[in-house]
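Beneath this line is the structure, given in structure tokens, with notes to follow.
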Amino acid sequence: MDNREREIHDDKMEKGRFASSDHWKALATTGEESELADASVEKIFESREVPPWQKQLTFRAFFVSFILTILFSFIVMKLNLTTGIIPSLNVAAGLLGFFFVKTWTKVLEKSGLLKQPFTRQENTVIQTCVVASSGIAFSGGFGSYLFGMSEEVAKISGETYNSLDVKNPSLHWMIGFLFVVSFLGLFSVVPLRKIMIIDFKLIYPSGTATAHLINNFHTPQGAKLAKKQVRQLAKFFSFSFLWGFFQWFFMGGDDCGFNIFPTFGLQARENKFYFHFSTTDVGAGMICPYLINVSLLLGSILSWGIMWPLISNQKGHWYNATLPSSNLHGLQGYKVFIAIAMILGDGLYNFIKGSHTVLPSNGRATSDVSRAQSYDDQRRALLFVKDQIPTWLAIAGYLVITIISIITLPHIFPPLKWYYILVIYIFAPILAFCNAYGCGLTDWSLASSYGKLAIFIIGAWAGKSHGGVLASLAACGVMMNIVSTASDLTQDFKTGYMTLTSPRSMFVSQVIGIAMGCSVSPCVFWLFYKAYGTLGHQGSEYPAPFAVVFRNIAILGVEGFSALPEHASHFAMFINGIRDAVGKKWNRFIPIPMAMAIPFYIGGYFAIDMCVGSLILYVWRRMNKAKADAYGSAIATGLICGDGIWTLPKSILALARVKPPICMKFLSRATDVQVDAFLQSIKM
């Protein structure tokens with residue numbers, strides 16, 4: 001995405017396919033591997049037999065997928081509950097899947113027990129399964145709408161609520177809810193897969209880039225590069241894990257440890273400006289485009305460096321001076337509602353713009369449709385249409401799940417009436433198609449925008465006195481799961497198309513992956529929820545910023561837009577308008593409103609870490625671009641994975657009430673003198 005001018009907006013800030021398709025493609029064709037880009041890919045693999053779809057689904061593929069599902073679920077969950085910014089894990093899934101199964105097959109080959117070689121089709125099945133399962137950690141709403149239903153977030157929001165407006169997390173209903181709503185997106189776009197991939201020839205940049213990498217892994221040169229990448233990943237995984245373990249010893253109290261180190265002084269730390277020492281954020285910064293990270297930093301400076309200090313000086317004039325800092329009628333209201341206004345303005349602008357570009361006037365995506373097909377396209381199209389997924393199966397599956405949802409969801413969420421669900425499911429396939437089509441053109445998804453649209457429609461329909469807040473958040477979850485899964489599945493179909501993987505095996509892999517995610521992700525969230533009592537609180541280790549944001553959007557949905565700061569959403573739409581007006585040459589220098597809005601609420605510490613990651617990658621590329629492109633993503637993935645996996649033993653220690661032995665705290669000289677005097681008085 002470094003070279004992609006149309007930056008990822010709404011969903012990408014929350015879900016995050018932040019990886020540049022051009023960057024991954026460059027990675028796949030670095031150095032010795034460049035000849036693969038010039039040759040016909042399918043002629044290279046022509047001598048290799050394509051296994052039938054049943055043999056592409058192996059026990060070892062799903063065993064490795066399950067292990068990686070647990071790993072990636074912890075990573076995504078931690079990011080969900082800290083910043084809400086999640087970089088792409090597609091490439092990491094493909095790379096780690098290749099490494100684990102390749103190691104497995106080598107051991108069996110040496111022992112003479114290998115019966116089936118490892119193919120690129122099996123690699124694609126693993127990648128599809130892992131992305132589907134870890135995607136549930138995002139679309140499940142554990143850091144947004146689902147956690148936003150809780151009484152804890154309602155208290156943090158400072159609202160007056162009743163029992164109809166809250167539903168506290170519980171393992172059984174979360175698993176049941178996800179199983180009911182997560183599969184519908186699969187059936188909504190299956191009948192249209194040929195139109196999307198072959199007729200319209202949609203690009204699906206992330207799916208295309210992942211296919212390039214998988215194809216490259218299974219050439220001799222590509223396997224050699226993959227081995228080097230895994231070695232770098234393992235090295236930085238170990239460093240990141242051990243660094244997290246080391247930091248834990250110094251976190252023995254409130255405001256203790258390296259994660260609040262006053263890098264720029266104590267006053268700057270009070271305003272959330274400090275280096276967070278988070279390897280996860282540094283790694284994410286290496287993957288995210290420069291413009292995203294710079295936008296985050298500018299948003300931090302604008303809000304915590306300028307706006308909030310100025311507004312806090314108006315205490316007693318603009319708002320009641322006696323209100324606690326967390327009350328939405330005080331300074332906190334400015335932080336939350338200005339951020340929400342910018343998010344809604346950005347989402348509305350892109351929603352309207354996207355609706356005008358979803359279907360070209362002639363019904364074709366590009367002029368490439370009429371172009372003579374290459375050898376690669378001919379072979380891929382032939383196999384892609386060979387293993388059809390019956391249309392009757394898709395329609396029957398959609399109808400069965402609709403009936404199950406209408407029966408079960410009102411029992412889980414009483415304010416969500418059956419006719420609300422029916423209306424959502426009538427319009428969902430249209431929105432799913434639009435989202436999948438737009439994703440194929442631009443690589444960005446509007447699932448979160450569609451979810452917010454459901455919040456306002458169902459919230460206004462249900463009304464405040466009839467549990468409209470809870471009903472709208474549940475409707476948001478239903479809509480987001482449908483449209484997000486639809487675009488993800490179509491991305492995977494594009495990857496499968498380019499690796500000669502059967503659509504049937506892709507579909508089965510997606511089903512199994514979603515089932516894994518519906519089981520694993522709630523358990524991972526439950527571990528965080530039970531281990532950390534301050535989950536969702538601003539300033540805590542896991543502030544879950546989007547939970548508060550989504551809850552307050554739901555409140556706006558039932559109460560109206562009068563609570564939003566005047567002209568704040570217009571500001572976001574104005575910036576987007578400028579970005580489009582100046583053209584591709586200059587819009588890469590204009591910040592993205594969605595990115596700017598995130599630090600308005602949680603502060604700029606994570607933006608500084610991410611900018612450090614960007615700076616490291618920038619300097620490295622200036623010194624040695626080939627190596628930076630080849631190994632930058634592997635190193636970033638290692639940093640993210642190591643810190644993400646450390647959260648598992650850390651959470652277990654928290655559940656066991658094992659606390660760090662040391663509290664490393666930073667005080668001013670004057671405060672230190674007072675503390676010393678107090679301690680001396682105790683000794684006397």
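Labels used: A, B, ... for chains in the order of the structure tokens, numbers from 1 for residues in each chain, and numbers from 1 for ligands as shown.
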Worksheet entry | Residue contacts of A:Ala597 (8 Å, only C-alpha atoms) excluding same-chain residues fewer than 3 positions away, as a PyMOL selection string | chain A and resi 296+299+338-340+342-343+593-594+600-601
Item to complete: For A:Gln229, list every protein, DNA or RNA residue within 6 Å, evaluated using only C-alpha atoms, and leave out those in the same chain fewer than 2 positions away; present the list as a ChimeraX atom specification.
Response: /A:226-227,231-232,631,634
Selected residues, N, CA and C atoms, written as an mmCIF file, in the first residue's frame, please.
```cif
data_model
loop_
_atom_site.group_PDB
_atom_site.id
_atom_site.type_symbol
_atom_site.label_atom_id
_atom_site.label_comp_id
_atom_site.auth_asym_id
_atom_site.auth_seq_id
_atom_site.Cartn_x
_atom_site.Cartn_y
_atom_site.Cartn_z
ATOM 1 N N ALA A 226 11.979 -18.017 1.634
ATOM 2 C CA ALA A 226 11.036 -18.232 2.740
ATOM 3 C C ALA A 226 11.762 -18.735 3.986
ATOM 4 N N LYS A 227 12.758 -19.617 3.784
ATOM 5 C CA LYS A 227 13.518 -20.138 4.922
ATOM 6 C C LYS A 227 14.263 -19.002 5.634
ATOM 7 N N ARG A 231 13.647 -17.518 9.484
ATOM 8 C CA ARG A 231 14.751 -17.394 10.438
ATOM 9 C C ARG A 231 14.740 -16.009 11.099
ATOM 10 N N GLN A 232 14.512 -14.970 10.281
ATOM 11 C CA GLN A 232 14.426 -13.615 10.833
ATOM 12 C C GLN A 232 13.195 -13.466 11.723
ATOM 13 N N TYR A 631 12.839 -8.725 4.015
ATOM 14 C CA TYR A 631 12.782 -9.193 5.405
ATOM 15 C C TYR A 631 12.012 -8.270 6.344
ATOM 16 N N ALA A 634 8.796 -9.892 7.619
ATOM 17 C CA ALA A 634 9.049 -11.024 8.514
ATOM 18 C C ALA A 634 9.459 -10.533 9.894
#
```
Discussion item. Run DSSP on the backbone and tell me which residues of stretch 608-669 of chain A come out as alpha helix (DSSP H); list them as a VMD selection string.
Written reply: chain A and resid 608 to 623 625 to 655 669
Item to complete: Write out as a ChimeraX atom specification each polymer residue whose atoms come within 10 Å of A:Glu42, counting only C-alpha atoms; drop sequence neighbours fewer than 5 positions from it.
Response: /A:47-48,215,375-380,498-500
What does the file look like for those residues with N, CA and C atoms, as a compact mmCIF listing (two decimals), in the first residue's frame?
```
# COMPACT_ATOMS: atom_id res chain seq x y z
N SER A 47 4.19 -29.06 -14.94
CA SER A 47 4.53 -30.48 -14.78
C SER A 47 3.97 -31.08 -13.49
N ARG A 48 3.45 -30.23 -12.61
CA ARG A 48 2.94 -30.71 -11.32
C ARG A 48 1.43 -30.92 -11.42
N ASN A 215 2.67 -18.87 -4.55
CA ASN A 215 3.26 -19.45 -5.76
C ASN A 215 4.78 -19.42 -5.69
N TYR A 375 -2.25 -17.63 -21.15
CA TYR A 375 -2.24 -19.06 -20.81
C TYR A 375 -2.60 -19.26 -19.34
N ASP A 376 -2.03 -18.41 -18.46
CA ASP A 376 -2.33 -18.52 -17.04
C ASP A 376 -3.82 -18.36 -16.78
N ASP A 377 -4.43 -17.32 -17.37
CA ASP A 377 -5.85 -17.07 -17.14
C ASP A 377 -6.73 -18.21 -17.67
N GLN A 378 -6.34 -18.76 -18.82
CA GLN A 378 -7.12 -19.86 -19.39
C GLN A 378 -7.11 -21.07 -18.47
N ARG A 379 -5.92 -21.42 -17.98
CA ARG A 379 -5.82 -22.60 -17.12
C ARG A 379 -6.53 -22.37 -15.78
N ARG A 380 -6.36 -21.18 -15.24
CA ARG A 380 -6.98 -20.87 -13.96
C ARG A 380 -8.51 -20.85 -14.08
N MET A 498 -5.63 -17.96 -8.36
CA MET A 498 -4.28 -17.78 -8.87
C MET A 498 -3.32 -18.89 -8.44
N THR A 499 -3.75 -19.75 -7.52
CA THR A 499 -2.90 -20.88 -7.11
C THR A 499 -3.51 -22.22 -7.53
N LEU A 500 -4.54 -22.17 -8.36
CA LEU A 500 -5.25 -23.36 -8.84
C LEU A 500 -5.83 -24.19 -7.70
```
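With only C-alpha atoms as the atoms that count, the residue of A:Pro309, A:Gly84, A:Gly477, A:Gly513 with the shortest distance to A:Ile126 is A:Gly513.
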Item to complete: Compile the contact shell of stretch 245-262 of chain A as a ChimeraX atom specification: residues with an atom at most 10 Å away, counting only C-alpha atoms, same-chain residues fewer than 4 positions apart removed.
Response: /A:239-241,266-270,272-278,539-541,605,643,646-647,649-650,658-667
Discussion item. I'd like the interatomic distance between atom CA of A:Ala460 and atom CA of A:Arg551, to a tenth of an Å.
Written reply: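 That distance, rounded to one decimal, is 14.4 Å.
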Item to complete: Compare A:Ala381, A:Ile421, A:Ile67, A:Leu393 by their minimum atom-to-atom distance to A:Ser472, counting only C-alpha atoms, and give me the closest one.
Response: A:Ile421
Discussion item. Give me, as a count of residues only, all polymer residues having an atom no more than 7 Å from stretch 635-638 of chain A, counting only C-alpha atoms and skipping those fewer than 3 positions away in the same chain.
Written reply: 14
Discussion item. Please determine, counting only C-alpha atoms, which residue among A:Gly94, A:Gly330, A:Gly305, A:Pro503 has the shortest atom-to-atom distance to A:Lys386.
Written reply: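 Answer, going by the shortest atom-to-atom distance: A:Pro503.
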